[in-house]
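Enquirer: Contents of protein-v9.tsv (TSV, C-alpha atoms) are given next:
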```
chain	number	residue	atom	x	y	z
A	1	MET	CA	-5.68	7.48	1.32
A	2	GLN	CA	-7.52	4.18	1.34
A	3	THR	CA	-5.71	1.29	-0.26
A	4	ARG	CA	-6.86	0.03	-3.65
A	5	LEU	CA	-5.64	-3.50	-2.84
A	6	TYR	CA	-8.05	-6.17	-1.56
A	7	GLU	CA	-7.82	-9.77	-0.35
A	8	PHE	CA	-10.53	-12.31	-1.15
A	9	SER	CA	-10.05	-15.12	1.35
A	10	GLY	CA	-11.83	-18.43	1.07
A	11	THR	CA	-12.54	-19.60	4.61
A	12	THR	CA	-13.11	-23.15	5.79
A	13	SER	CA	-15.81	-22.07	8.22
A	14	ASP	CA	-18.81	-19.85	7.59
A	15	VAL	CA	-18.04	-16.79	9.70
A	16	GLY	CA	-21.24	-14.84	9.22
A	17	GLY	CA	-20.48	-12.78	6.13
A	18	TRP	CA	-20.72	-14.10	2.58
A	19	GLN	CA	-21.53	-17.81	2.53
A	20	VAL	CA	-20.35	-19.78	-0.51
A	21	THR	CA	-23.21	-21.84	-1.97
A	22	SER	CA	-21.26	-23.20	-4.96
A	23	SER	CA	-17.81	-23.08	-6.52
A	24	HIS	CA	-17.04	-24.74	-9.79
A	25	PRO	CA	-14.57	-24.50	-12.65
A	26	ILE	CA	-15.86	-23.17	-15.98
A	27	ILE	CA	-12.53	-23.34	-17.85
A	28	GLY	CA	-9.43	-25.06	-16.40
A	29	ASP	CA	-8.87	-25.80	-12.72
A	30	GLY	CA	-11.29	-24.82	-9.97
A	31	LEU	CA	-10.51	-23.56	-6.48
A	32	VAL	CA	-10.55	-25.65	-3.31
A	33	PRO	CA	-14.06	-25.79	-1.80
A	34	VAL	CA	-14.72	-23.22	0.92
A	35	ALA	CA	-17.62	-22.35	3.23
A	36	GLY	CA	-17.23	-18.58	3.33
A	37	LEU	CA	-15.55	-15.65	1.61
A	38	ASP	CA	-14.00	-12.73	3.44
A	39	ILE	CA	-13.19	-9.56	1.45
A	40	GLN	CA	-10.89	-7.04	3.11
A	41	PRO	CA	-8.81	-4.06	2.05
A	42	MET	CA	-5.14	-4.87	2.65
A	43	GLU	CA	-4.26	-2.30	5.27
A	44	GLY	CA	-2.03	-3.05	8.21
A	45	GLU	CA	-1.89	-6.48	9.81
A	46	PRO	CA	-4.63	-9.11	9.44
A	47	PRO	CA	-6.71	-9.53	12.63
A	48	SER	CA	-5.35	-12.22	14.95
A	49	ASN	CA	-8.76	-13.94	15.11
A	50	ALA	CA	-8.97	-14.31	11.30
A	51	PRO	CA	-10.55	-17.64	10.27
A	52	ALA	CA	-8.45	-20.34	8.57
A	53	ARG	CA	-7.98	-19.47	4.92
A	54	ALA	CA	-8.09	-22.13	2.20
A	55	PHE	CA	-7.09	-19.67	-0.50
A	56	VAL	CA	-6.29	-15.98	-0.79
A	57	LEU	CA	-6.75	-14.07	-4.04
A	58	ARG	CA	-5.48	-10.51	-4.23
A	59	GLY	CA	-6.83	-7.87	-6.59
A	60	ILE	CA	-6.45	-4.13	-7.03
A	61	ARG	CA	-8.90	-1.46	-8.12
A	62	SER	CA	-7.23	0.35	-10.96
A	63	ASN	CA	-7.79	2.78	-13.81
A	64	GLU	CA	-10.07	1.86	-16.70
A	65	ARG	CA	-8.31	-0.06	-19.47
A	66	TYR	CA	-10.85	-0.08	-22.33
A	67	ILE	CA	-13.95	2.00	-21.65
A	68	LYS	CA	-14.42	5.27	-23.53
A	69	ALA	CA	-15.60	8.45	-21.83
A	70	ASP	CA	-19.08	8.38	-23.37
A	71	GLU	CA	-19.57	4.70	-22.51
A	72	ARG	CA	-18.50	5.37	-18.95
A	73	ALA	CA	-20.86	8.32	-18.63
A	74	ASP	CA	-23.74	6.05	-19.72
A	75	LEU	CA	-22.81	3.41	-17.14
A	76	VAL	CA	-22.31	5.86	-14.29
A	77	ARG	CA	-25.79	7.26	-14.89
A	78	VAL	CA	-27.48	3.91	-14.23
A	79	GLN	CA	-25.15	1.67	-12.24
A	80	ALA	CA	-25.70	0.85	-8.56
A	81	ASP	CA	-23.21	0.71	-5.71
A	82	LEU	CA	-22.21	-2.45	-3.93
A	83	GLY	CA	-23.69	-3.10	-0.51
A	84	ARG	CA	-27.42	-2.57	-1.25
A	85	GLY	CA	-29.47	-4.09	1.58
A	86	ASP	CA	-31.52	-6.31	-0.74
A	87	ALA	CA	-28.50	-7.50	-2.77
A	88	THR	CA	-28.08	-10.70	-0.79
A	89	CYS	CA	-26.71	-12.73	-3.71
A	90	ALA	CA	-23.21	-12.39	-5.09
A	91	SER	CA	-20.79	-14.06	-7.42
A	92	LEU	CA	-17.00	-13.98	-7.65
A	93	ILE	CA	-15.63	-14.83	-11.10
A	94	PRO	CA	-11.83	-15.14	-11.23
A	95	ILE	CA	-10.54	-15.34	-14.83
A	96	ARG	CA	-7.20	-15.61	-16.57
A	97	LYS	CA	-6.63	-14.64	-20.19
A	98	SER	CA	-4.21	-16.42	-22.51
A	99	PRO	CA	-0.71	-15.25	-23.49
A	100	ALA	CA	-2.15	-14.66	-27.00
A	101	TRP	CA	-4.54	-12.05	-25.54
A	102	TRP	CA	-1.82	-10.21	-23.65
A	103	ALA	CA	0.43	-10.14	-26.71
A	104	LEU	CA	-2.18	-8.14	-28.66
A	105	ALA	CA	-1.84	-4.38	-29.02
A	106	GLN	CA	-4.31	-2.11	-27.21
A	107	ASP	CA	-6.52	-1.45	-30.27
A	108	GLU	CA	-6.73	-5.18	-31.04
A	109	ARG	CA	-7.84	-6.04	-27.49
A	110	ARG	CA	-10.39	-3.22	-27.46
A	111	ALA	CA	-11.80	-4.33	-30.85
A	112	ILE	CA	-12.26	-7.93	-29.68
A	113	MET	CA	-13.69	-6.89	-26.32
A	114	GLU	CA	-16.20	-4.31	-27.41
A	115	GLU	CA	-16.65	-3.88	-31.17
A	116	GLN	CA	-16.82	-7.68	-31.67
A	117	SER	CA	-17.94	-9.01	-28.28
A	118	HIS	CA	-19.94	-6.06	-26.88
A	119	HIS	CA	-18.71	-6.78	-23.36
A	120	ILE	CA	-19.45	-3.28	-22.02
A	121	ALA	CA	-22.80	-3.06	-23.82
A	122	ILE	CA	-23.93	-6.48	-22.54
A	123	GLY	CA	-23.08	-5.56	-18.94
A	124	ALA	CA	-24.93	-2.26	-19.32
A	125	ARG	CA	-28.19	-4.06	-20.17
A	126	TYR	CA	-28.25	-5.58	-16.69
A	127	LEU	CA	-27.84	-2.30	-14.81
A	128	PRO	CA	-28.76	-1.34	-12.19
A	129	ALA	CA	-29.93	-4.84	-11.15
A	130	ILE	CA	-26.48	-6.44	-11.34
A	131	ALA	CA	-23.81	-4.33	-9.60
A	132	ARG	CA	-20.26	-5.13	-10.65
A	133	ARG	CA	-16.74	-4.30	-9.53
A	134	LEU	CA	-13.53	-5.30	-11.28
A	135	PHE	CA	-10.23	-6.02	-9.55
A	136	HIS	CA	-6.98	-6.42	-11.51
A	137	CYS	CA	-4.40	-9.02	-10.52
A	138	ARG	CA	-2.21	-9.93	-13.52
A	139	ASP	CA	0.57	-7.53	-12.56
A	140	LEU	CA	0.40	-8.76	-8.96
A	141	LEU	CA	1.63	-12.11	-10.37
A	142	GLU	CA	-1.52	-13.80	-9.05
A	143	PRO	CA	-2.96	-17.04	-10.49
A	144	PHE	CA	-5.79	-15.07	-12.16
A	145	ASP	CA	-5.73	-11.86	-14.22
A	146	PHE	CA	-9.04	-10.43	-12.95
A	147	LEU	CA	-11.53	-10.92	-10.14
A	148	THR	CA	-15.01	-9.67	-10.91
A	149	TRP	CA	-17.46	-9.30	-8.04
A	150	PHE	CA	-21.20	-9.08	-8.71
A	151	GLU	CA	-24.07	-8.30	-6.29
A	152	PHE	CA	-27.80	-8.64	-6.94
A	153	ALA	CA	-31.14	-9.35	-5.27
A	154	PRO	CA	-32.44	-12.95	-5.39
A	155	GLU	CA	-35.10	-12.02	-7.97
A	156	HIS	CA	-32.33	-11.06	-10.41
A	157	ALA	CA	-30.49	-14.39	-10.20
A	158	GLY	CA	-31.97	-15.42	-13.55
A	159	ALA	CA	-30.81	-12.19	-15.17
A	160	PHE	CA	-27.33	-12.83	-13.81
A	161	ASP	CA	-27.28	-16.34	-15.33
A	162	ASP	CA	-28.34	-14.76	-18.62
A	163	LEU	CA	-25.52	-12.18	-18.41
A	164	LEU	CA	-22.91	-14.89	-17.83
A	165	GLY	CA	-24.28	-16.97	-20.68
A	166	ARG	CA	-24.07	-14.06	-23.13
A	167	LEU	CA	-20.51	-13.16	-22.17
A	168	ARG	CA	-19.33	-16.77	-22.45
A	169	GLU	CA	-20.60	-16.96	-26.04
A	170	THR	CA	-18.43	-14.04	-27.15
A	171	HIS	CA	-15.24	-14.12	-29.19
A	172	GLU	CA	-13.48	-12.45	-26.25
A	173	TRP	CA	-14.16	-15.53	-24.13
A	174	SER	CA	-12.07	-17.70	-26.52
A	175	TYR	CA	-9.06	-15.91	-25.00
A	176	ILE	CA	-9.95	-17.03	-21.47
A	177	ASP	CA	-7.94	-20.02	-20.34
A	178	ARG	CA	-9.12	-20.25	-16.72
A	179	GLU	CA	-12.44	-19.29	-15.18
A	180	VAL	CA	-14.04	-20.23	-11.87
A	181	GLU	CA	-17.55	-19.32	-10.73
A	182	LEU	CA	-18.40	-18.89	-7.06
A	183	ARG	CA	-21.95	-18.14	-5.93
A	184	LEU	CA	-22.63	-16.60	-2.54
A	185	VAL	CA	-25.42	-15.43	-0.27
A	186	ARG	CA	-25.60	-13.34	2.86
A	187	PRO	CA	-28.37	-12.53	5.33
A	188	PRO	CA	-30.44	-9.45	4.38
A	189	ALA	CA	-29.28	-6.21	6.00
A	190	VAL	CA	-31.41	-5.32	9.04
B	1	MET	CA	8.68	-18.77	-16.78
B	2	GLN	CA	10.91	-15.80	-16.08
B	3	THR	CA	9.47	-13.21	-13.76
B	4	ARG	CA	8.26	-9.90	-15.20
B	5	LEU	CA	9.03	-8.11	-11.92
B	6	TYR	CA	12.30	-6.18	-11.44
B	7	GLU	CA	14.02	-4.29	-8.63
B	8	PHE	CA	16.00	-1.13	-9.30
B	9	SER	CA	18.24	-0.68	-6.24
B	10	GLY	CA	20.19	2.50	-5.60
B	11	THR	CA	23.43	1.45	-3.90
B	12	THR	CA	25.64	3.56	-1.68
B	13	SER	CA	28.82	2.09	-3.18
B	14	ASP	CA	29.75	1.68	-6.84
B	15	VAL	CA	29.80	-2.09	-7.27
B	16	GLY	CA	31.04	-2.32	-10.85
B	17	GLY	CA	27.77	-2.22	-12.82
B	18	TRP	CA	25.88	0.97	-13.67
B	19	GLN	CA	27.47	3.99	-12.00
B	20	VAL	CA	25.18	6.93	-11.28
B	21	THR	CA	26.67	10.17	-12.60
B	22	SER	CA	23.72	12.41	-11.68
B	23	SER	CA	20.32	12.23	-10.03
B	24	HIS	CA	18.02	15.22	-9.86
B	25	PRO	CA	14.35	16.03	-9.48
B	26	ILE	CA	12.54	17.41	-12.55
B	27	ILE	CA	9.08	17.69	-10.95
B	28	GLY	CA	8.51	17.18	-7.20
B	29	ASP	CA	10.87	15.38	-4.84
B	30	GLY	CA	14.08	13.71	-5.95
B	31	LEU	CA	15.60	10.45	-4.72
B	32	VAL	CA	18.42	10.13	-2.19
B	33	PRO	CA	21.84	10.36	-3.87
B	34	VAL	CA	23.40	7.00	-4.75
B	35	ALA	CA	26.67	5.81	-6.32
B	36	GLY	CA	25.39	2.81	-8.26
B	37	LEU	CA	22.23	1.17	-9.58
B	38	ASP	CA	21.61	-2.56	-9.52
B	39	ILE	CA	18.78	-3.95	-11.70
B	40	GLN	CA	17.65	-7.50	-10.94
B	41	PRO	CA	14.67	-9.70	-11.74
B	42	MET	CA	12.88	-10.53	-8.48
B	43	GLU	CA	13.35	-14.27	-8.33
B	44	GLY	CA	14.16	-16.11	-5.13
B	45	GLU	CA	16.15	-14.54	-2.31
B	46	PRO	CA	18.47	-11.55	-2.79
B	47	PRO	CA	22.16	-12.54	-2.66
B	48	SER	CA	23.62	-12.33	0.86
B	49	ASN	CA	26.49	-10.14	-0.37
B	50	ALA	CA	24.12	-7.53	-1.86
B	51	PRO	CA	25.43	-3.96	-1.38
B	52	ALA	CA	23.64	-1.54	0.98
B	53	ARG	CA	20.56	-0.15	-0.75
B	54	ALA	CA	19.55	3.48	-0.35
B	55	PHE	CA	16.29	2.97	-2.26
B	56	VAL	CA	14.50	0.16	-4.04
B	57	LEU	CA	12.02	0.81	-6.84
B	58	ARG	CA	10.01	-2.11	-8.18
B	59	GLY	CA	8.53	-2.26	-11.68
B	60	ILE	CA	6.88	-4.92	-13.83
B	61	ARG	CA	6.99	-5.52	-17.56
B	62	SER	CA	3.39	-5.67	-18.68
B	63	ASN	CA	1.09	-5.62	-21.68
B	64	GLU	CA	0.91	-2.54	-23.90
B	65	ARG	CA	-1.60	0.03	-22.68
B	66	TYR	CA	-1.86	2.51	-25.60
B	67	ILE	CA	0.06	1.47	-28.69
B	68	LYS	CA	-1.86	0.29	-31.75
B	69	ALA	CA	-0.83	-2.76	-33.74
B	70	ASP	CA	0.47	-0.76	-36.74
B	71	GLU	CA	2.43	1.61	-34.51
B	72	ARG	CA	3.98	-1.35	-32.71
B	73	ALA	CA	4.94	-3.04	-35.97
B	74	ASP	CA	6.75	0.14	-37.03
B	75	LEU	CA	8.68	0.30	-33.73
B	76	VAL	CA	9.58	-3.37	-33.69
B	77	ARG	CA	11.09	-3.04	-37.16
B	78	VAL	CA	13.64	-0.45	-36.04
B	79	GLN	CA	14.11	-0.64	-32.27
B	80	ALA	CA	17.24	-2.09	-30.64
B	81	ASP	CA	17.57	-4.41	-27.66
B	82	LEU	CA	19.04	-3.40	-24.35
B	83	GLY	CA	22.57	-4.55	-23.57
B	84	ARG	CA	24.38	-3.39	-26.73
B	85	GLY	CA	28.14	-3.36	-26.08
B	86	ASP	CA	28.55	0.28	-27.09
B	87	ALA	CA	25.49	1.50	-25.14
B	88	THR	CA	27.51	2.59	-22.14
B	89	CYS	CA	25.18	5.45	-21.19
B	90	ALA	CA	21.79	4.99	-19.55
B	91	SER	CA	19.05	6.93	-17.86
B	92	LEU	CA	16.36	5.91	-15.40
B	93	ILE	CA	13.31	8.20	-15.38
B	94	PRO	CA	10.77	7.40	-12.64
B	95	ILE	CA	7.52	9.32	-13.14
B	96	ARG	CA	4.16	9.59	-11.39
B	97	LYS	CA	1.03	10.88	-13.09
B	98	SER	CA	-1.65	12.88	-11.33
B	99	PRO	CA	-5.01	11.57	-10.02
B	100	ALA	CA	-6.63	13.64	-12.82
B	101	TRP	CA	-4.79	11.53	-15.41
B	102	TRP	CA	-5.85	8.23	-13.86
B	103	ALA	CA	-9.47	9.35	-13.63
B	104	LEU	CA	-9.65	9.78	-17.42
B	105	ALA	CA	-11.22	7.09	-19.60
B	106	GLN	CA	-8.99	5.03	-21.91
B	107	ASP	CA	-9.80	7.02	-25.07
B	108	GLU	CA	-9.11	10.32	-23.30
B	109	ARG	CA	-5.68	9.18	-22.09
B	110	ARG	CA	-4.80	7.80	-25.52
B	111	ALA	CA	-5.83	11.06	-27.21
B	112	ILE	CA	-3.69	13.18	-24.89
B	113	MET	CA	-0.73	10.84	-25.11
B	114	GLU	CA	-0.55	10.27	-28.83
B	115	GLU	CA	-2.96	12.33	-30.94
B	116	GLN	CA	-2.10	15.52	-28.98
B	117	SER	CA	1.36	14.80	-27.55
B	118	HIS	CA	2.82	12.34	-30.12
B	119	HIS	CA	4.61	10.43	-27.39
B	120	ILE	CA	5.01	7.23	-29.44
B	121	ALA	CA	5.95	9.12	-32.61
B	122	ILE	CA	8.57	11.25	-30.81
B	123	GLY	CA	10.20	8.14	-29.28
B	124	ALA	CA	10.23	6.46	-32.70
B	125	ARG	CA	12.34	9.26	-34.19
B	126	TYR	CA	15.21	8.33	-31.88
B	127	LEU	CA	15.27	4.63	-32.79
B	128	PRO	CA	17.41	2.61	-32.91
B	129	ALA	CA	19.93	4.94	-31.19
B	130	ILE	CA	17.94	5.25	-27.94
B	131	ALA	CA	16.77	1.85	-26.67
B	132	ARG	CA	13.92	2.04	-24.17
B	133	ARG	CA	12.08	-0.27	-21.80
B	134	LEU	CA	9.02	0.58	-19.73
B	135	PHE	CA	8.23	-0.89	-16.32
B	136	HIS	CA	4.82	-0.35	-14.66
B	137	CYS	CA	4.54	0.23	-10.93
B	138	ARG	CA	1.29	2.06	-10.13
B	139	ASP	CA	-0.60	-1.12	-9.26
B	140	LEU	CA	2.32	-2.31	-7.14
B	141	LEU	CA	1.52	0.69	-4.89
B	142	GLU	CA	5.00	2.09	-5.48
B	143	PRO	CA	5.93	5.79	-5.12
B	144	PHE	CA	6.10	6.13	-8.93
B	145	ASP	CA	3.72	4.95	-11.67
B	146	PHE	CA	6.37	4.11	-14.28
B	147	LEU	CA	10.10	3.52	-14.52
B	148	THR	CA	11.54	4.06	-17.98
B	149	TRP	CA	15.03	2.79	-18.69
B	150	PHE	CA	17.01	4.11	-21.66
B	151	GLU	CA	20.37	2.93	-23.08
B	152	PHE	CA	22.50	4.64	-25.72
B	153	ALA	CA	26.08	5.15	-26.89
B	154	PRO	CA	27.90	8.29	-25.66
B	155	GLU	CA	27.66	9.92	-29.11
B	156	HIS	CA	23.84	9.86	-28.80
B	157	ALA	CA	23.71	11.67	-25.45
B	158	GLY	CA	22.70	14.89	-27.24
B	159	ALA	CA	19.87	13.10	-29.05
B	160	PHE	CA	18.67	11.74	-25.71
B	161	ASP	CA	18.62	15.26	-24.21
B	162	ASP	CA	16.61	16.36	-27.23
B	163	LEU	CA	14.11	13.48	-26.77
B	164	LEU	CA	13.56	14.38	-23.11
B	165	GLY	CA	13.11	18.06	-24.00
B	166	ARG	CA	10.46	17.30	-26.60
B	167	LEU	CA	8.49	15.01	-24.30
B	168	ARG	CA	8.57	17.52	-21.45
B	169	GLU	CA	7.00	20.18	-23.68
B	170	THR	CA	3.93	18.03	-24.41
B	171	HIS	CA	0.43	18.38	-23.01
B	172	GLU	CA	0.78	14.85	-21.59
B	173	TRP	CA	3.58	16.09	-19.34
B	174	SER	CA	1.20	18.53	-17.62
B	175	TYR	CA	-0.29	15.40	-15.98
B	176	ILE	CA	3.05	14.38	-14.46
B	177	ASP	CA	3.35	15.36	-10.83
B	178	ARG	CA	6.70	13.73	-9.99
B	179	GLU	CA	9.68	13.04	-12.20
B	180	VAL	CA	13.29	12.22	-11.38
B	181	GLU	CA	16.14	11.88	-13.86
B	182	LEU	CA	19.12	9.62	-13.17
B	183	ARG	CA	22.03	9.42	-15.61
B	184	LEU	CA	24.36	6.45	-15.59
B	185	VAL	CA	27.46	5.04	-17.26
B	186	ARG	CA	29.12	1.66	-17.34
B	187	PRO	CA	32.43	0.38	-18.69
B	188	PRO	CA	32.27	-0.73	-22.35
B	189	ALA	CA	31.65	-4.47	-22.83
B	190	VAL	CA	34.91	-6.34	-23.56
```
Rewrite the structure from the file as structure tokens, please.
Expert:
Amino acid sequence: MQTRLYEFSGTTSDVGGWQVTSSHPIIGDGLVPVAGLDIQPMEGEPPSNAPARAFVLRGIRSNERYIKADERADLVRVQADLGRGDATCASLIPIRKSPAWWALAQDERRAIMEEQSHHIAIGARYLPAIARRLFHCRDLLEPFDFLTWFEFAPEHAGAFDDLLGRLRETHEWSYIDREVELRLVRPPAV
Amino acid sequence: MQTRLYEFSGTTSDVGGWQVTSSHPIIGDGLVPVAGLDIQPMEGEPPSNAPARAFVLRGIRSNERYIKADERADLVRVQADLGRGDATCASLIPIRKSPAWWALAQDERRAIMEEQSHHIAIGARYLPAIARRLFHCRDLLEPFDFLTWFEFAPEHAGAFDDLLGRLRETHEWSYIDREVELRLVRPPAV
């Protein structure tokens, strides 16, 4: 069985994969500047020729925490996979939510996230252009609670900015106490 | 900040804490027989005089995944803390749920767990006699998904048997593909 655990390593040299074009803090502290980002499933030993790593963030693919079955069915019908040849732009958004958020009961968090903030519905409007994958890290005792990875073609960069802007205006975002935004590009697939 | 991560170590010798009186599989494989159980927060290095460990299970205290705010308020009003002097009996129940369970959306899991199986309501009937604490381990890539720890006085051992019997009859339990039951005792607190 393939592992669900991944490492996102910021590398000091651009090693031919995802190249980091910008990295800046949105809320709280940023991350150290890096040239590249290497994303690998954590299986076995790291390769001995791995580039120098300025930071390593770990995240795990896990079960859904909020989405309802009908909402998920709607998303699955339209969403795109990662790795599309023309999706040469990406963004990594590590976030941490406040202790006040985590102290809420499940129904309270769901109500803030969706009924008040429409997080799932907002994301759905940008499908299939903006592909998205969520990694959990709070229970790995990492510095962030979530890593969200987005991929899109260059012509959808404006739509992605719009998506981020809408999410950051929500009530849910008032519970976020650290957020960093990395933007990345890679060469088109041959 | 105190860690949320704990180690449950089965020890081959009884070292004066919780003594294991029985350990048997309910669904799937059991655990190797042990004489004692040592429960420690994972902070710093293990002590150099730690007893030989036959197994180590790790679990993390985490946010609530299903309980609603009003249900939680009802529980908090009546539940007891761990560590009561007369709670000299305990049980550790490691369980794993099936891939079919984890593939369900949040509302589907909640409906099976509570609206159909009354898991929270059943547990509430045994408060404050049976104190309970849940540790999560699925996203730590452990062999089990949850470790539940129960403490009670010897005169409530029958009530605890009754609680386990009721839970194991539920529809939720049909999604459990491994379950082990350990029973433990300790000397009364002086």
Enquirer: Identify every residue of chain A that has at least one atom within 9 Å of any atom of chain B, counting all atoms listed in the file, and report the result as a list in words.
Expert: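 In the required form, that comes to Thr3, Arg4, Leu5, Ile60, Arg61, Ser62, Asn63, Glu64, Arg65, Tyr66, Ile67, Lys68, Ala69, Asp70, Arg72, Trp102, Ala103, Leu104, Ala105, Gln106, Asp107, Glu108, His136, Cys137, Arg138, Asp139, Leu140 and Leu141 of chain A.
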Enquirer: Just checking: using all atoms listed in the file, which residue out of A:Ser22, A:Gln2, A:Thr170, A:Gln40 ends up closest to Leu92 of chain A?
Expert: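 Answer, going by the shortest atom-to-atom distance: A:Ser22.
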Enquirer: What's around Leu163 of chain A at 8 Å? Count all atoms listed in the file, leave out sequence neighbours fewer than 6 positions away in its own chain, and write the answer as a PDB file with C-alpha atoms, in the coordinates of the input.
Expert:
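Saved file out26.pdb follows:
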```
ATOM      1  CA  ILE A 122     -23.930  -6.480 -22.540  1.00  0.00           C
ATOM      2  CA  GLY A 123     -23.080  -5.560 -18.940  1.00  0.00           C
ATOM      3  CA  TYR A 126     -28.250  -5.580 -16.690  1.00  0.00           C
TER       4      TYR A 126
END
```
Enquirer: For Ala121 of chain A, which of A:Asp74, A:Asp86, A:Asp145, A:Asp161 is the closest residue, counting only C-alpha atoms?
Expert: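 Checking each candidate against Ala121 of chain A, we get A:Asp74 as the closest.
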Enquirer: In Å, with one decimal, what is the gap from atom CA of Thr12 of chain B to atom CA of Ala54 of chain B?
Expert: 6.2 Å
Enquirer: Quick one: residues within 10 Å of Val32 of chain A, only C-alpha atoms, excluding same-chain residues fewer than 2 positions away - as a PyMOL selection string?
Expert: chain A and resi 10+12+23-24+29-30+34+54-55
Enquirer: Work out how far atom CA of Ser9 of chain A is from atom CA of Leu57 of chain A, in Å to one decimal.
Expert: 6.4 Å
Enquirer: Tell me, in Å to one decimal, how far atom CA of Leu75 of chain A is from atom CA of Leu127 of chain A.
Expert: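 Result for atom CA of Leu75 of chain A versus atom CA of Leu127 of chain A: 8.0 Å, one decimal.
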Enquirer: Could you tell me which of B:Glu151, B:Asp177, B:Glu142, B:Glu114 comes closest to Glu7 of chain B if we count all atoms listed in the file?
Expert: B:Glu142
Enquirer: Hey, which of A:Met42, A:Ile130, A:Ala153, A:Val76 ends up closest to Pro187 of chain A? Count only C-alpha atoms.
Expert: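 Once distances to Pro187 of chain A are computed over only C-alpha atoms, the minimum belongs to A:Ala153.
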